[in-house]
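A.B. asks: Handing you this structure, nothing more for now.
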Amino acid sequence: MGTTYEKDVVAWANEQAALLRAGKFSAIDIEHIAEEIEDVGKSEQRELANRMAVLLAHLLKWQFQPERRSNSWMRTIKEQRRAIAAHMEETPSLKASLTRPHWLVGVWADAVATAVSETGLDDLPANNPWTMAQVFDANFFPNESITPQLTQEGN
């Protein structure tokens with residue numbers, strides 16, 4: 001044992017875990033362990049933010065480019081909803097992010113940037129026009145009264 005955090009983080013992590021399991025608390029690298037634990041939380045939040053941005057971008061595309069609606073977009077919307085729900089079930093504390101205005105503004109900005117990049121549209125809403133209940137509602141598709149059905153061509 002003795003690999004430094006800076007030299008090989010994976011070997012270091014394995015050594016730190018072994019030291020913890022052996023009860024050798026005086027030998028552990030407390031500062032770096034604390035940083036790594038904090039990073040786990042940040043990583044979980046980034047994953048939620050990324051999935052939310054993808055979901056919102058596809059909802060924007062669905063609403064503002066009805067002529068280009070596809071089964072692919074629908075599948076992405078459904079998959080992101082499913083993955084976000086599973087992620088929040090596994091990590092319930094992430095639900096608090098959905099009520100933080102600053103976090104939501106950042107996610108919305110990412111979603112708009114993605115939608116603009118993929119569509120060329122530049123007149124998208126400055127603020128999210130949907131409630132979180134709508135965003136997560138499996139039957140909600142902007143400007144649609146019912147969930148569209150997939151067609152055989154699989155687009």
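Letters A, B, ... go to the chains of the structure tokens in the order shown; residues in each chain start at 1; ligands are counted from 1 in the same order.
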Excluding same-chain residues fewer than 3 positions from segment 22-30 of chain A, what lies within 12 Å of it counting only C-alpha atoms, as a PyMOL selection string?
C.D. replies: chain A and resi 1-6+9+12-19+33-37
A.B. asks: Between A:Ser93, A:Thr114, A:Glu38, A:Leu59, which is the closest to Asp137 of chain A once you count only C-alpha atoms?
C.D. replies: A:Leu59
A.B. asks: DSSP on the backbone, alpha helix (DSSP H) only: what residues of chain A does that give? Format it as an MDAnalysis selection string.
C.D. replies: chainID A and resid 9:21 30:64 71:90 101:119 132:136
A.B. asks: Using only C-alpha atoms, which of the listed residues (A:His58, A:Arg68, A:Arg100, A:Lys42) sits closest to Arg81 of chain A?
C.D. replies: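 Using only C-alpha atoms, Arg81 of chain A sits closest to A:His58.
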A.B. asks: Any idea what the distance is between atom CA of Trp130 of chain A and atom CA of Ile84 of chain A?
C.D. replies: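 It comes out at 16.7 Å.
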A.B. asks: Counting only C-alpha atoms, figure out which residue out of A:Leu20, A:Met52, A:Ala57, A:Ala11 gets nearest to Val107 of chain A.
C.D. replies: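 Result for the nearest residue to Val107 of chain A: A:Met52.
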A.B. asks: Can you pull out every residue within 12 Å of Lys78 of chain A, counting only C-alpha atoms, but drop anything in the same chain fewer than 6 positions away, and send it as a list of chain:residue names?
C.D. replies: A:Arg51, A:Met52, A:Val54, A:Leu55, A:Leu56, A:His58, A:Leu59, A:Asn71, A:Ser72, A:Ile84, A:Ala85, A:Val135, A:Phe136, A:Asp137, A:Ala138, A:Asn139, A:Phe140, A:Phe141, A:Thr147, A:Pro148, A:Leu150
A.B. asks: Counting only C-alpha atoms, what is within 12 Å of Gln65 of chain A, bar same-chain residues fewer than 6 positions away, as a PyMOL selection string?
C.D. replies: chain A and resi 57-59+73+115-116+118-121+123-124+142-143
A.B. asks: Considering only C-alpha atoms, return as a count of residues only whatever protein or nucleic-acid residues lie within 9 Å of Glu44 of chain A, sequence-local ones (same chain, fewer than 6 positions apart) excluded.
C.D. replies: 3
A.B. asks: Find the residues near Ser97 of chain A: any atom within 8 Å, counting only C-alpha atoms, skip ones fewer than 6 places away on the same chain, and give them as a PyMOL selection string.
C.D. replies: chain A and resi 45+103-104
